[in-house]
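A short write-up of the structure that comes next.
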Amino acid sequence: VCNVLKARSFPVGRLRLFASERSAGKALSTPFGDVSVEAFSVEAVRESTYAFLAVSGAFALEHAAALAAPGGPIVIDNSSAFRMDPSVPLVVPEVNAHAIGSARLVANPNCTTAIAAMALYPLHVAFGLTKVIVSSYQAASGAGAEGMEELRSGLALSLRGEEPTPKVFAHALPFNVIPHIDAFTENGYTKEEMKVTNETRKIFAAPDLAVSCTAVRIPTLRAHSEAITIQTARPITAD
């Protein structure tokens with residue numbers, strides 16, 4: 001977030017970083033200079049103009065509404081807590097910034113959804129999407145620092161001929177691909193896969209759009225990739 005604000009010359013008057021009491025006082029290097037981390041409190045964050053929440057869904061549910069109440073900042077939440085809440089806009093700015101309107105709390109989508117939306121929306125406008133089939137290949141970083149460390153240590157064990165024991169992932173990830181990200185739902189898709197379906201429909205304002213997603217964990221540290229097949233209502237020409 002800080003790097004993007006700097007790269008886009010956003011007029012940041014003062015950057016404040018908040019975390020738990022345990023992290024308070026740590027100095028972090030940012031594009032705006034070194035910033036000392038403050039202990040989180042609703043009152044302190046409400047002194048800001050904009051607040052970016054990179055927190056758990058539970059934390060967002062507990063505090064986002066209070067933060068975004070009139071007199072406080074515009075809150076952009078990166079968790080899944082409000083994505084499917086009908087009263088909260090789910091936004092990819094290049095696609096549906098108009099959905100923000102006067103909202104003080106804005107959700108942003110799952111990273112897999114955001115990647116797909118950027119490529120798909122211009123095609124949807126020009127030709128009308130009727131069916132979308134997404135195959136998502138997601139790096140260990142999608143499971144956080146713990147997932148990346150499990151891959152590193154698991155690779156070291158595997159190269160020594162030892163069998164790694166998975167804790168973060170459903171199965172051992174080194175030299176493997178795992179078509180199982182998050183819990184399975186009653187329809188046979190995982191929660192990760194259904195996020196792509198439901199969020200794409202909401203962002204595109206297309207509740208009946210046929211979307212099917214398969215999410216696969218792959219043994220790379222960073223960078224997700226996707227292969228997408230589409231069907232359109234109108235013929236696509238070379239022009």
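Quick note on naming: the chains in the structure tokens go A, B, ... in the order shown, residues restart at 1 in each chain, and ligands are numbered from 1 in order of appearance.
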All alpha helix (DSSP H) residues (DSSP, backbone) inside stretch 174-211 of chain A, as an NGL selection string
:A and (191-203)
Save the residues we just selected, C-alpha atoms, as a PDB file, in the first residue's frame?
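Below is the file that was written, again.pdb:
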ATOM      1  CA  LYS A 191     -14.396 -21.630  -0.162  1.00  0.00           C
ATOM      2  CA  GLU A 192     -11.485 -20.149  -2.143  1.00  0.00           C
ATOM      3  CA  GLU A 193     -13.100 -21.211  -5.398  1.00  0.00           C
ATOM      4  CA  MET A 194     -16.502 -19.870  -4.415  1.00  0.00           C
ATOM      5  CA  LYS A 195     -14.957 -16.515  -3.502  1.00  0.00           C
ATOM      6  CA  VAL A 196     -13.926 -16.091  -7.142  1.00  0.00           C
ATOM      7  CA  THR A 197     -17.409 -17.002  -8.375  1.00  0.00           C
ATOM      8  CA  ASN A 198     -19.372 -14.835  -5.955  1.00  0.00           C
ATOM      9  CA  GLU A 199     -17.036 -11.843  -5.968  1.00  0.00           C
ATOM     10  CA  THR A 200     -16.787 -11.716  -9.768  1.00  0.00           C
ATOM     11  CA  ARG A 201     -20.565 -11.671 -10.029  1.00  0.00           C
ATOM     12  CA  LYS A 202     -20.830  -8.839  -7.502  1.00  0.00           C
ATOM     13  CA  ILE A 203     -18.096  -6.679  -9.038  1.00  0.00           C
TER      14      ILE A 203
END
So that I can see what lies close to A:Ala126, please list as a ChimeraX atom specification the residues with an atom at most 12 Å from it, counting only C-alpha atoms and leaving out residues fewer than 6 positions away in the same chain.
/A:120,232-237,239
Write the residues you've just listed into a file as an mmCIF file, in the first residue's frame, and include C-alpha atoms for each of them.
data_model
loop_
_atom_site.group_PDB
_atom_site.id
_atom_site.type_symbol
_atom_site.label_atom_id
_atom_site.label_comp_id
_atom_site.auth_asym_id
_atom_site.auth_seq_id
_atom_site.Cartn_x
_atom_site.Cartn_y
_atom_site.Cartn_z
ATOM 1 C CA LEU A 120 -12.214 -10.011 -18.010
ATOM 2 C CA THR A 232 -19.264 -14.602 -24.876
ATOM 3 C CA ALA A 233 -22.713 -13.541 -26.024
ATOM 4 C CA ARG A 234 -21.331 -11.753 -29.102
ATOM 5 C CA PRO A 235 -18.615 -12.914 -31.521
ATOM 6 C CA ILE A 236 -15.082 -11.731 -30.768
ATOM 7 C CA THR A 237 -13.273 -10.370 -33.798
ATOM 8 C CA ASP A 239 -10.348 -6.000 -34.171
#
Residues of stretch 123-163 of chain A that approach stretch 88-95 of chain A to 12 Å or less, counting only C-alpha atoms: could you list each one with the shortest pair of atoms and its distance in Å to one decimal, rows by chain and increasing residue number, as a tab-separated table?
residue	atom	partner	partner_atom	distance
A:Leu123	CA	A:Val95	CA	11.5
A:His124	CA	A:Val95	CA	10.7
A:Val125	CA	A:Val95	CA	10.3
Excluding A:Ala60 and its own-chain neighbours fewer than 6 positions away, which residues fall within 12 Å of it when counting only C-alpha atoms? Please give them as a VMD selection string.
chain A and resid 42 51 to 54 66 to 68 75 to 83 105 to 107
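Atom CA of A:Ser158 to atom CA of A:His171 spans 13.5 Å [interatomic distance, one decimal].
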For A:Ala215, list every protein, DNA or RNA residue within 12 Å, evaluated using only C-alpha atoms, and leave out those in the same chain fewer than 5 positions away; present the list as a VMD selection string.
chain A and resid 112 to 113 133 to 139 142 177 to 184 189 to 197 224 to 228
Which of these residues is nearest to A:Ala145, using only C-alpha atoms: A:Ala114, A:Ala39, A:Leu221, A:Leu15?
A:Leu221
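Of the residues under consideration (A:Ala170, A:Leu61, A:Ala103, A:Val37), A:Ala170 shows the shortest atom-to-atom contact distance to A:Glu150 when counting only C-alpha atoms.
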